[in-house]
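Here is the structure we will look at.
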Amino acid sequence: MATVTLENLTKKFGETIATDSLNLHVKDKEFVVLLGPSGCGKTTTLRLIAGLELPTEGKIYMNDEDITYVHPKDRKASMVFQSYALYPHMTVFDNIAFPLKMKKLPKNEIRDKVRKLVELLQIGDLLNRKPKELSGGQRQRVALGRAIIKEPKIFLMDEPLSNVDAKLRVYLRGELKNLQKKLGITTIYVTHDQLEAMALADRIAVMDKGKLHQIDPANKLYNNPATSFVAGFVGSPPMNLIGCSLEEKNGRLLLNTGEFTLKVSDLTSDPDTLLVATSSEFFLGVRPESIRILKSKKGAEFSADIINIEPLGLQDVLILKVGDNLIRAIVLSGFGLKVGQKVNVTFDKRKLHIFDRNNGKCVLIK
Amino acid sequence: MNRIGKKILGGGFTIIAILLITALLFPLVWVISSSLRPYAALYTTEFKIIPDNPTLDTFRWVLFESKFLHWFKNSLIVYATTLIVSLLVTIPAGYAFSRFKFFAKGSLLHGYFVLTQFMTGMSIIGLIALYTILIHIGMINSLVVLGFIYAASLVPFVTWYLKTYFDSVPRDFDEAALMDGASFTQNLRHVILPMAKPGIFTAIIFISIITWSEWIIGAIVLSAGNYTVPVGLVALLRGWETPWNNLAAMSILYAIPIVVIFMLAQRYWRTGLTMGGLKG
C-alpha cells in the first residue's frame with residue numbers, strides 16, 4: 001500500500017535545472033514509466049524519490065507522509081540500477097540476502113526468505129555463483145531479487161533492461177510486468193524506450209528538459225498528445241509537425257502551411273478553440289497513418305515527391321517532400337510506389353492535431 | 001615482416017630478457033653464496049657460485065649468537081605500528097577524497113601530492129629537525145614513535161594511491177548498498193573494502209617494502225638496545241674485518257617476511273575484480 005506524490009519538485013545542479021517544479025501523483029499498485037530523451041531529468045526524478053539526491057525545492061510524499069529529507073534506507077523503497085550493481089565479490093545468495101543481513105535478521109530466517117524468493121524468480125540453481133558467471137538475464141533477476149527481498153513499498157527502476165539484448169528484453173519486460181502485478185508493488189520505472197514504456201506502463205509520464213509534459217495511459221498519449229513534444233516523441237515514426245498560421249478568409253478560419261490550406265471547420269466541430277492560443281502560429285500534427293495517397297488529383301490537398309521508401313514488410317514508410325517539409329507517411333505496401341514519383345496526398349482530417357507554436361500546447365481538444 | 005624476421009626478433013628479445021634477469025638475480029645469488037661460506041673462504045680470488053665446504057654455521061650464528069632475534073622483534077613492532085596507523089588513516093581518507101565533496105578538497109589533494117615528494121627530501125633535510133624535536137618532547141629512541149614517523153611519511157602517497165583506487169570502484173555500489181539499508185560503516189566493510197582489496201594489498205606491499213628496509217631515520221632515532229634489523233646490520237660493519245658471510249645470512253633471514261607478504265598479496269593483484277557486477 002503506497003502512493004507517491006511529488007509536489008513542485010525542483011533539482012538544480014549549479015545552473016542546470018534537472019527537474020523543474022514537477023507535480024506527479026502515482027497511485028497505489030500503479031506502474032508508472034518516466035519516459036523522455038536523455039538528459040530530460042527522468043533519472044534525477046527517480047534518484048530524488050530514492051533519496052540519493054536531495055531536492056532544491058519541493059516535497060516528496062509517500063502515503064501523505066513527507067519523506068523529502070528521510071534517509072534512503074528508511075524510505076521503504078528498492079532500486080534496480082541500470083548497471084544492476086551486483087556486488088561482484090558476493091555469491092548470488094549473498095547478493096540477495098544483503099539487505100536482510102544489513103537489518104541483522106537471524107540467519108535461518110534469511111535463508112528461508114531467500115529460498116522462497118529464488119523459487120519465484122527461477123534462479124534457485126544459481127545461488128553459489130558469482131555475478132560474473134551469470135548471463136545478462138540472470139543478473140537482471142538477481143538484481144530484482146535483491147530489490148524484492150526487502151519487501152519494499154515502492155520499486156524504483158532505472159533502465160533495468162537496457163543492458164540485455166533485444167530479444168531477451170522483450171521477454172523480460174513481460175516477465176517484469178507479471179511480477180509487478182503479482183506482487184502489487186507501486187513501481188516507478190525510467191526508460192528512454194517508448195516501446196518498453198508502452199508495454200509496461202499503466203501510465204506514462206513524458207518528460208523533457210526537466211518538465212513533465214503529460215502523464216496518461218499509452219493510448220491516450222498516442223491519440224491525444226498534450227504537447228507537440230509528446231506528439232513528436234511518442235510513436236514510431238513520430239507525428240509529423242508542420243508549421244502553419246491561422247488566417248481568416250470570407251468569415252472562414254483557415255490553416256495555411258504555405259504549401260496547402262486546410263479549413264479549420266473540417267478538422268473540428270468547434271473552430272473557436274483555436275482562438276485561445278497565444279498567437280496565430282501553429283503546428284499541424286499529422287500521424288503517419290493519417291495520411292492518404294490518392295490516385296487522382298481530385299480531393300487531394302497537395303502533391304508531394306517521394307524521396308525515400310523504407311519497407312517494413314506489411315507497410316512502407318514513405319518520406320514525402322512538400323515545399324521545405326519532410327513528411328513521413330505509412331501506407332500498405334504493394335502499390336508499386338517508387339522513389340522520385342509525384343503523389344497526391346490528403347489527410348484523415350478528423351485525426352489531425354494542432355499545437356500552439358509558442359508553448360507547444362495542444363489547442364484542439366477532442 | 002616475414003616469419004624468419006619475426007623469429008629473429010623474438011629470439012633477440014629472449015636473449016635480452018635472459019641477460020636482464022641474470023643481471024637482476026646475480027646480487028641475490030651472490031648473497032646466498034656468501035652466506036654459505038666459512039669466513040676464511042670469503043676473500044678468495046677464485047670465482048665460485050657454490051663454495052668449497054659450504055656451511056650453515058653463519059645461520060647458527062645469526063639465530064643463536066647475534067642479537068638478530070631481538071632486532072627482528074623490534075622491526076616487527078615498528079612495522080606493525082606503521083602498517084596499522086597508516087592504513088587506519090589512509091583508507092578512510094582515500095575513501096573520503098574519492099567520494100565526498102568538502103571544503104578545500106582540491107587544494108588538500110594538491111598539497112598531498114606535493115607532500116608525497118617529501119619522503120625523499122625528508123631523509124636529507126628534515127632529519128636534524130626531526131631529531132631535535134624528538135629530543136625536546138622526550139620521544140627519542142621509541143619503536144612506536146618510529147612507527148608513527150614512518151606512517152606519517154607514507155600517508156600522503158598511500159592516500160593518493162587509495163583515492164585513485166576507490167575512484168575505480170563505481171559509485172553505483174555505494175548507492176546500491178545505501179538503498180539496501182547499509183550504514184556508512186557497513187557499506188565500507190561489506191561492499192567497498194572487499195572490492196578495493198587489490199588496491200589495499202598493493203598499498204600494504206608498498207608500505208611493507210619501504211618500512212621493512214628503512215635505515216636512515218631508524219639509525220637517527222634509535223639507540224643500541226632498540227635497533228631494528230637494518231640499523232643493527234649496519235652497526236655490525238667493521239671495515240676490513242666485517243663478517244660478510246654472517247651479514248649475508250642475516251640479510252636472507254630478514255628478507256623472508258617481505259617475500260612471504262609479497263606472495264600472500266600477489267593473488268590480489270589481479271585486476272578486473274569489479275568486472276561482472278556491472279553491465280552485461
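For the C-alpha cells, the naming scheme is as follows: chains receive sequential letters (A, B, ...) according to their order of presentation, residues are indexed from 1 within each chain, and ligands are indexed from 1 in presentation order.
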Write out as a PDB file with C-alpha atoms, in the first residue's frame the residues lying within 12 Å of Ala255 of chain B, counting only C-alpha atoms and excluding same-chain residues fewer than 5 positions away.
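Here's the written file part_9.pdb:
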```
ATOM      1  CA  LEU B  28      70.841 -12.255  -4.771  1.00  0.00           C
ATOM      2  CA  VAL B  31      74.459 -13.045  -1.188  1.00  0.00           C
ATOM      3  CA  ILE B  32      73.196 -16.608  -0.852  1.00  0.00           C
ATOM      4  CA  PHE B  72      63.776  -8.685  14.491  1.00  0.00           C
ATOM      5  CA  SER B  75      61.467  -4.408  13.471  1.00  0.00           C
ATOM      6  CA  SER B 208      55.970  -3.146   3.881  1.00  0.00           C
ATOM      7  CA  ILE B 209      58.860  -2.729   1.469  1.00  0.00           C
ATOM      8  CA  TRP B 212      60.993  -3.067   6.466  1.00  0.00           C
ATOM      9  CA  SER B 213      64.131  -1.807   4.764  1.00  0.00           C
ATOM     10  CA  VAL B 229      67.462  -5.201  11.850  1.00  0.00           C
ATOM     11  CA  PRO B 230      68.661  -2.757   9.139  1.00  0.00           C
ATOM     12  CA  ALA B 248      74.633 -12.213   4.238  1.00  0.00           C
ATOM     13  CA  ALA B 249      72.888 -14.896   6.306  1.00  0.00           C
ATOM     14  CA  MET B 250      71.179 -12.240   8.421  1.00  0.00           C
ATOM     15  CA  VAL B 260      56.043 -14.063   2.273  1.00  0.00           C
ATOM     16  CA  ILE B 261      53.927 -10.901   2.300  1.00  0.00           C
ATOM     17  CA  PHE B 262      54.538 -10.438  -1.375  1.00  0.00           C
TER      18      PHE B 262
END
```
Write out, as JSON lines, each residue of chain A that has an atom at most 10 Å from chain B, together with the closest pair of atoms and their distance in Å to one decimal, counting only C-alpha atoms, rows going by chain and rising number.
```
{"residue": "A:Arg47", "atom": "CA", "partner": "B:Glu175", "partner_atom": "CA", "distance": 10.0}
{"residue": "A:Ala50", "atom": "CA", "partner": "B:Met179", "partner_atom": "CA", "distance": 7.7}
{"residue": "A:Gly51", "atom": "CA", "partner": "B:Met179", "partner_atom": "CA", "distance": 8.7}
{"residue": "A:Leu52", "atom": "CA", "partner": "B:Glu175", "partner_atom": "CA", "distance": 7.2}
{"residue": "A:His71", "atom": "CA", "partner": "B:Leu178", "partner_atom": "CA", "distance": 9.1}
{"residue": "A:Pro72", "atom": "CA", "partner": "B:Met179", "partner_atom": "CA", "distance": 5.9}
{"residue": "A:Lys73", "atom": "CA", "partner": "B:Gly181", "partner_atom": "CA", "distance": 4.5}
{"residue": "A:Asp74", "atom": "CA", "partner": "B:Gly181", "partner_atom": "CA", "distance": 7.7}
{"residue": "A:Arg75", "atom": "CA", "partner": "B:Met179", "partner_atom": "CA", "distance": 8.8}
{"residue": "A:Lys76", "atom": "CA", "partner": "B:Met179", "partner_atom": "CA", "distance": 8.9}
{"residue": "A:Ala77", "atom": "CA", "partner": "B:Met179", "partner_atom": "CA", "distance": 7.4}
{"residue": "A:Ser78", "atom": "CA", "partner": "B:Met179", "partner_atom": "CA", "distance": 6.3}
{"residue": "A:Met79", "atom": "CA", "partner": "B:Met179", "partner_atom": "CA", "distance": 6.7}
{"residue": "A:Val80", "atom": "CA", "partner": "B:Ala176", "partner_atom": "CA", "distance": 8.2}
{"residue": "A:Phe81", "atom": "CA", "partner": "B:Asp172", "partner_atom": "CA", "distance": 7.6}
{"residue": "A:Gln82", "atom": "CA", "partner": "B:Lys279", "partner_atom": "CA", "distance": 7.7}
{"residue": "A:Ser83", "atom": "CA", "partner": "B:Lys279", "partner_atom": "CA", "distance": 4.8}
{"residue": "A:Tyr84", "atom": "CA", "partner": "B:Leu278", "partner_atom": "CA", "distance": 6.0}
{"residue": "A:Ala85", "atom": "CA", "partner": "B:Leu278", "partner_atom": "CA", "distance": 5.3}
{"residue": "A:Leu86", "atom": "CA", "partner": "B:Gly277", "partner_atom": "CA", "distance": 4.6}
{"residue": "A:Tyr87", "atom": "CA", "partner": "B:Gly277", "partner_atom": "CA", "distance": 5.7}
{"residue": "A:Pro88", "atom": "CA", "partner": "B:Gly277", "partner_atom": "CA", "distance": 4.6}
{"residue": "A:His89", "atom": "CA", "partner": "B:Met195", "partner_atom": "CA", "distance": 6.8}
{"residue": "A:Met90", "atom": "CA", "partner": "B:Val191", "partner_atom": "CA", "distance": 9.1}
{"residue": "A:Ile96", "atom": "CA", "partner": "B:Asp180", "partner_atom": "CA", "distance": 9.9}
{"residue": "A:Ala97", "atom": "CA", "partner": "B:Asp180", "partner_atom": "CA", "distance": 9.8}
{"residue": "A:Phe98", "atom": "CA", "partner": "B:Asp180", "partner_atom": "CA", "distance": 7.1}
{"residue": "A:Pro99", "atom": "CA", "partner": "B:Asp180", "partner_atom": "CA", "distance": 4.7}
{"residue": "A:Leu100", "atom": "CA", "partner": "B:Asp180", "partner_atom": "CA", "distance": 8.3}
{"residue": "A:Lys101", "atom": "CA", "partner": "B:Ala182", "partner_atom": "CA", "distance": 9.0}
{"residue": "A:Met102", "atom": "CA", "partner": "B:Ala182", "partner_atom": "CA", "distance": 5.6}
{"residue": "A:Lys103", "atom": "CA", "partner": "B:Gly181", "partner_atom": "CA", "distance": 7.2}
{"residue": "A:Lys130", "atom": "CA", "partner": "B:Gly276", "partner_atom": "CA", "distance": 8.2}
{"residue": "A:Pro131", "atom": "CA", "partner": "B:Gly277", "partner_atom": "CA", "distance": 5.6}
{"residue": "A:Lys132", "atom": "CA", "partner": "B:Gly276", "partner_atom": "CA", "distance": 3.8}
{"residue": "A:Glu133", "atom": "CA", "partner": "B:Gly276", "partner_atom": "CA", "distance": 7.5}
{"residue": "A:Leu134", "atom": "CA", "partner": "B:Gly276", "partner_atom": "CA", "distance": 8.2}
{"residue": "A:Ser135", "atom": "CA", "partner": "B:Gly280", "partner_atom": "CA", "distance": 7.3}
{"residue": "A:Gly136", "atom": "CA", "partner": "B:Gly280", "partner_atom": "CA", "distance": 5.2}
{"residue": "A:Gly137", "atom": "CA", "partner": "B:Gly280", "partner_atom": "CA", "distance": 8.8}
{"residue": "A:Arg139", "atom": "CA", "partner": "B:Gly280", "partner_atom": "CA", "distance": 8.2}
{"residue": "A:Gln140", "atom": "CA", "partner": "B:Gly280", "partner_atom": "CA", "distance": 9.4}
{"residue": "A:Arg146", "atom": "CA", "partner": "B:Asp180", "partner_atom": "CA", "distance": 8.1}
{"residue": "A:Ala147", "atom": "CA", "partner": "B:Asp180", "partner_atom": "CA", "distance": 7.9}
{"residue": "A:Ile149", "atom": "CA", "partner": "B:Asp180", "partner_atom": "CA", "distance": 9.8}
{"residue": "A:Lys150", "atom": "CA", "partner": "B:Asp180", "partner_atom": "CA", "distance": 7.8}
{"residue": "A:Pro160", "atom": "CA", "partner": "B:Lys279", "partner_atom": "CA", "distance": 9.9}
{"residue": "A:Ser162", "atom": "CA", "partner": "B:Lys279", "partner_atom": "CA", "distance": 9.2}
{"residue": "A:Asn163", "atom": "CA", "partner": "B:Gly280", "partner_atom": "CA", "distance": 5.9}
{"residue": "A:Val164", "atom": "CA", "partner": "B:Gly280", "partner_atom": "CA", "distance": 6.8}
{"residue": "A:Asp165", "atom": "CA", "partner": "B:Gly280", "partner_atom": "CA", "distance": 9.3}
```
Mind listing the alpha helix (DSSP H) residues of segment 102-241 of chain B, per DSSP on the backbone, as a PyMOL selection string? chain B and resi 105-116+118-121+127-136+143-167+171-179+184-186+193-195+197-213+216-221+229-235
Considering only C-alpha atoms, return as a list in words whatever protein or nucleic-acid residues lie within 10 Å of Thr261 of chain A, sequence-local ones (same chain, fewer than 2 positions apart) excluded.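 That gives Cys244, Ser245, Leu246, Glu247, Leu254, Leu255, Asn256, Thr257, Gly258, Glu259, Lys263, Val264, Glu301 and Phe302 of chain A.
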Go ahead and write the residues just picked, N, CA and C atoms, as a PDB file, in the first residue's frame.
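Resulting contents of selection.pdb:
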```pdb
ATOM      1  N   CYS A 244       2.322  26.152 -39.506  1.00  0.00           N
ATOM      2  CA  CYS A 244       1.241  26.791 -40.264  1.00  0.00           C
ATOM      3  C   CYS A 244       0.743  28.002 -39.487  1.00  0.00           C
ATOM      4  N   SER A 245      -0.001  28.865 -40.180  1.00  0.00           N
ATOM      5  CA  SER A 245      -0.562  30.018 -39.476  1.00  0.00           C
ATOM      6  C   SER A 245      -2.061  30.122 -39.765  1.00  0.00           C
ATOM      7  N   LEU A 246      -2.751  30.729 -38.804  1.00  0.00           N
ATOM      8  CA  LEU A 246      -4.209  30.829 -38.879  1.00  0.00           C
ATOM      9  C   LEU A 246      -4.592  32.085 -39.663  1.00  0.00           C
ATOM     10  N   GLU A 247      -5.488  31.921 -40.626  1.00  0.00           N
ATOM     11  CA  GLU A 247      -5.947  33.070 -41.418  1.00  0.00           C
ATOM     12  C   GLU A 247      -7.466  33.057 -41.457  1.00  0.00           C
ATOM     13  N   LEU A 254      -8.887  29.451 -41.670  1.00  0.00           N
ATOM     14  CA  LEU A 254      -8.065  28.558 -42.483  1.00  0.00           C
ATOM     15  C   LEU A 254      -6.692  28.384 -41.854  1.00  0.00           C
ATOM     16  N   LEU A 255      -6.110  27.201 -42.021  1.00  0.00           N
ATOM     17  CA  LEU A 255      -4.723  26.982 -41.605  1.00  0.00           C
ATOM     18  C   LEU A 255      -3.880  26.917 -42.865  1.00  0.00           C
ATOM     19  N   ASN A 256      -2.908  27.846 -42.974  1.00  0.00           N
ATOM     20  CA  ASN A 256      -2.088  27.906 -44.173  1.00  0.00           C
ATOM     21  C   ASN A 256      -0.659  27.462 -43.864  1.00  0.00           C
ATOM     22  N   THR A 257      -0.202  26.400 -44.538  1.00  0.00           N
ATOM     23  CA  THR A 257       1.160  25.917 -44.286  1.00  0.00           C
ATOM     24  C   THR A 257       2.151  26.515 -45.278  1.00  0.00           C
ATOM     25  N   GLY A 258       1.624  27.301 -46.231  1.00  0.00           N
ATOM     26  CA  GLY A 258       2.490  27.786 -47.301  1.00  0.00           C
ATOM     27  C   GLY A 258       2.376  26.917 -48.526  1.00  0.00           C
ATOM     28  N   GLU A 259       2.173  25.641 -48.334  1.00  0.00           N
ATOM     29  CA  GLU A 259       2.036  24.713 -49.462  1.00  0.00           C
ATOM     30  C   GLU A 259       0.578  24.343 -49.708  1.00  0.00           C
ATOM     31  N   LYS A 263      -9.296  23.880 -44.100  1.00  0.00           N
ATOM     32  CA  LYS A 263     -10.384  24.581 -43.410  1.00  0.00           C
ATOM     33  C   LYS A 263     -10.468  24.052 -41.986  1.00  0.00           C
ATOM     34  N   VAL A 264     -10.453  24.973 -41.013  1.00  0.00           N
ATOM     35  CA  VAL A 264     -10.496  24.522 -39.626  1.00  0.00           C
ATOM     36  C   VAL A 264     -11.804  23.774 -39.351  1.00  0.00           C
ATOM     37  N   GLU A 301      -5.125  17.338 -51.134  1.00  0.00           N
ATOM     38  CA  GLU A 301      -4.782  18.634 -50.569  1.00  0.00           C
ATOM     39  C   GLU A 301      -3.554  19.219 -51.273  1.00  0.00           C
ATOM     40  N   PHE A 302      -2.641  18.350 -51.602  1.00  0.00           N
ATOM     41  CA  PHE A 302      -1.414  18.824 -52.268  1.00  0.00           C
ATOM     42  C   PHE A 302      -0.751  17.622 -52.913  1.00  0.00           C
TER      43      PHE A 302
END
```
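For Ser98 of chain B, the list of residues within 12 Å, based on only C-alpha atoms and with local chain neighbours fewer than 2 positions off taken out, reads Thr90, Ile91, Pro92, Ala93, Gly94, Tyr95, Ala96, Phe100, Lys101, Phe102, Lys105, Gly106, Leu109, Thr159, Trp160, Tyr161, Leu162, Lys163, Thr164, Tyr165, Phe166, Asp167, Ser168, Val169, Pro170, Arg171, Asp174 and Ile192 of chain B.
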